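Taking it in order: structure first as structure tokens, then the write-up.
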Amino acid sequence: MLHFTTQELTALLGTYGYWAVLLLVGIESIGVPVPGETMLVAAAIYAGTSHKLSIGLIIAAAATGAILGDNIGYWIGHAGGYRLLRRYGKYIRLDERKLKVGRYLFQQHGSKVVFFGRFIALLRTLAAFLAGTNRMPWPEFLLANAGGGIVWSLLFGLGGYLLGDNVKRVEGPFRWLAAILAIIFTAGLIIFLRSNEARLEAAAEAAFPGPLDSYQAAS
């Protein structure tokens with residue numbers, strides 16, 4: 001992830017205000033690893049301690065950036081994600097059977113992935129792209145995306161605003177907890193996929209019999 005110091009984020013806020021929040025959150029949501037969430041928290045603390053920005057507008061800017069950025073990421077994935085994975089997926093062991101499983105999982109659980117992915121660092125940058133790649137219906141994606149973006153912006157915005165400088169006291173333990181939870185989630189997902197690989201592949205094949213290319217062309 002691209003690194004910004006607290007001083008650099010504060011300087012961006014002082015110069016560009018709400019636009020800095022919208023742009024960094026939006027860029028992260030597209031799939032570029034910039035500290036969008038950190039910017040949101042920094043802006044909330046800045047609003048609470050300096051009173052130069054409105055926390056309501058900060059939350060609105062973050063939610064707008066999340067929704068717009070995710071939609072751009074979705075359409076990038078929709079336009080070229082599948083071709084990218086078909087061409088280079090073999091280097092990370094993504095053959096057609098696994099691509100079918102991915103599409104099947106998004107068909108069954110796409111809304112959950114998009115909504116809760118907003119709260120997990122890696123999924124926050126990838127969920128929209130993967131949703132587009134796996135042809136998740138756009139209205140369904142938009143609803144889950146908007147819901148996740150709004151709830152995330154409210155929680156982290158109000159949390160930073162109410163805690164203010166006290167955030168620094170809990171930031172370290174919170175980051176460790178978030179990292180541990182992310183590792184547990186990732187490990188659990190890998191274990192689940194491996195232990196249910198045959199069942200998922202059979203279900204995916206039943207849902208998408210024949211070459212997967214034909215389904216991509218039709219959608």
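How things are named: the first chain in the structure tokens is A, the next is B, and so on; residues count from 1 in each chain; ligands count from 1 in the order shown.
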
Residues of segment 94-180 of chain A at most 8 Å from segment 200-213 of chain A: nearest atom pair and distance in Å, only C-alpha atoms, as CSV:
```
residue,atom,partner,partner_atom,distance
A:Glu96,CA,A:Leu212,CA,7.2
A:Arg97,CA,A:Glu201,CA,6.4
A:Lys98,CA,A:Glu201,CA,7.3
A:Lys100,CA,A:Ala204,CA,5.7
A:Val101,CA,A:Ala204,CA,5.3
A:Arg103,CA,A:Ala204,CA,7.7
A:Tyr104,CA,A:Ala204,CA,5.3
```

Could I get the residues of segment 44-76 of chain A with an atom no further than 12 Å from an atom of segment 80-84 of chain A, each paired with its nearest atom pair and that distance in Å to one decimal, using only C-alpha atoms, sorted by chain and residue number, as CSV?
```
residue,atom,partner,partner_atom,distance
A:Gly73,CA,A:Gly81,CA,9.9
A:Tyr74,CA,A:Gly81,CA,9.3
A:Trp75,CA,A:Gly80,CA,8.5
A:Ile76,CA,A:Gly80,CA,6.1
```

Within 6 Å of segment 135-145 of chain A, counting only C-alpha atoms, which residues show up once you throw out same-chain ones fewer than 5 positions away? Write them as a tab-separated table (two decimals) with N, CA and C atoms, in the first residue's frame, please.
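around-v2.tsv written:
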```
chain	number	residue	atom	x	y	z
A	111	SER	N	-23.72	-10.44	-2.79
A	111	SER	CA	-24.10	-9.29	-1.97
A	111	SER	C	-23.34	-9.28	-0.65
A	114	VAL	N	-19.64	-8.23	-1.28
A	114	VAL	CA	-19.50	-6.81	-1.55
A	114	VAL	C	-19.74	-5.98	-0.29
A	115	PHE	N	-20.79	-6.31	0.46
A	115	PHE	CA	-21.13	-5.52	1.65
A	115	PHE	C	-20.05	-5.66	2.72
```

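Closest approach to Lys52 of chain A among A:Thr10, A:Asn71, A:Thr38, A:Ser29: A:Thr10, based on only C-alpha atoms.
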
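Between atom CA of Met39 of chain A and atom CA of Val25 of chain A the interatomic distance comes to 7.5 Å.
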
### Task
Would you list the contacts of Ile59 of chain A as a list in words, taking every protein, DNA or RNA residue within 9 Å and counting only C-alpha atoms, but skipping same-chain residues closer than 3 positions in sequence?
Val21, Leu40, Ala44, Ser54, Ile55, Gly56, Ala62, Ala63, Thr64, Ile150, Ser153, Leu154, Phe156, Gly157 and Leu158 of chain A

Using N, CA and C atoms, can you export the residues from the last selection as a compact mmCIF listing (two decimals), in the first residue's frame?
```txt
# COMPACT_ATOMS: atom_id res chain seq x y z
N VAL A 21 -10.88 13.46 0.96
CA VAL A 21 -11.52 12.25 1.47
C VAL A 21 -12.17 11.48 0.33
N LEU A 40 -10.20 8.62 5.96
CA LEU A 40 -11.50 8.86 6.57
C LEU A 40 -11.35 9.10 8.07
N ALA A 44 -11.99 12.57 10.18
CA ALA A 44 -12.93 12.62 11.29
C ALA A 44 -12.27 13.19 12.55
N SER A 54 -16.95 19.63 8.58
CA SER A 54 -18.17 19.03 9.12
C SER A 54 -18.08 17.52 9.05
N ILE A 55 -18.35 16.84 10.17
CA ILE A 55 -18.28 15.38 10.15
C ILE A 55 -19.35 14.80 9.23
N GLY A 56 -20.50 15.45 9.15
CA GLY A 56 -21.54 14.98 8.24
C GLY A 56 -21.09 14.99 6.80
N ALA A 62 -16.93 10.38 2.05
CA ALA A 62 -16.38 9.02 2.08
C ALA A 62 -17.34 8.03 1.44
N ALA A 63 -18.63 8.14 1.77
CA ALA A 63 -19.62 7.23 1.19
C ALA A 63 -19.70 7.42 -0.33
N THR A 64 -19.67 8.68 -0.78
CA THR A 64 -19.71 8.96 -2.22
C THR A 64 -18.49 8.38 -2.92
N ILE A 150 -22.02 3.18 2.93
CA ILE A 150 -22.65 4.11 3.87
C ILE A 150 -22.41 3.67 5.31
N SER A 153 -18.72 4.19 6.23
CA SER A 153 -18.41 5.61 6.42
C SER A 153 -18.95 6.12 7.74
N LEU A 154 -20.15 5.71 8.10
CA LEU A 154 -20.73 6.12 9.37
C LEU A 154 -19.94 5.60 10.56
N PHE A 156 -16.74 4.37 10.81
CA PHE A 156 -15.38 4.86 10.95
C PHE A 156 -15.34 6.38 11.09
N GLY A 157 -16.27 7.07 10.42
CA GLY A 157 -16.32 8.52 10.55
C GLY A 157 -16.72 8.96 11.94
N LEU A 158 -17.83 8.42 12.44
CA LEU A 158 -18.28 8.80 13.78
C LEU A 158 -17.32 8.30 14.84
```

### Query
Using only C-alpha atoms, which residues sit within 9 Å of Phe119 of chain A once same-chain residues fewer than 5 positions away are excluded, as a VMD selection string?
chain A and resid 124 148 152

How would the residues just chosen look if you wrote them out with N, CA and C atoms as a compact mmCIF listing (two decimals), in the first residue's frame?
```txt
# COMPACT_ATOMS: atom_id res chain seq x y z
N ARG A 124 -11.63 -4.83 0.29
CA ARG A 124 -12.08 -3.47 -0.01
C ARG A 124 -11.56 -3.00 -1.37
N GLY A 148 -22.90 -1.07 2.07
CA GLY A 148 -21.62 -1.23 2.73
C GLY A 148 -20.86 0.07 2.85
N TRP A 152 -20.03 1.69 6.49
CA TRP A 152 -18.59 1.83 6.76
C TRP A 152 -18.22 3.28 7.04
```

### Atom-to-atom span, atom CA of Gly14 of chain A and atom CA of Gly149 of chain A, Å
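Result for atom CA of Gly14 of chain A versus atom CA of Gly149 of chain A: 24.0 Å, one decimal.
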
### Task
Enumerate, as a ChimeraX atom specification, the complete set of residues in chain A that a backbone-based DSSP assignment places in alpha helix (DSSP H).
/A:6-16,18-30,36-50,55-76,82-88,96-117,121-133,138-163,167-195,197-207,212-218

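Each of A:Ile58, A:Ala187, A:Leu22, A:Ile92 was checked against Ala43 of chain A using only C-alpha atoms; the smallest atom-to-atom distance is that of A:Ile58.
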
### Query
Please, what distance in Å, to one decimal, runs between atom CA of Ser195 of chain A and atom CA of Ala131 of chain A?
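If I compute the distance from atom CA of Ser195 of chain A to atom CA of Ala131 of chain A, I get 23.6 Å.
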
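Minimum atom-to-atom distances from A:Gly110, A:Gly188, A:Gly147, A:Gly65 to Ala128 of chain A were compared using only C-alpha atoms, and the lowest value belongs to A:Gly110.
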
#### Entry: Which residue of A:Pro35, A:Leu122, A:Asn134, A:His109 approaches His78 of chain A most closely, using only C-alpha atoms
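Between A:Pro35, A:Leu122, A:Asn134, A:His109, the residue approaching His78 of chain A most closely is A:Asn134.
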
### Summary
Restricting to only C-alpha atoms, whichever of A:Tyr161, A:Phe4, A:Tyr91, A:Tyr18 is closest to Tyr46 of chain A is A:Tyr161

### Spatial neighbours of Ala20 of chain A, max dist 9 Å, only C-alpha atoms, sep filter under 6 positions, as a list in words
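After dropping sequence-adjacent residues, the list is Leu9, Leu12, Leu13, Met39 and Ala61 of chain A.
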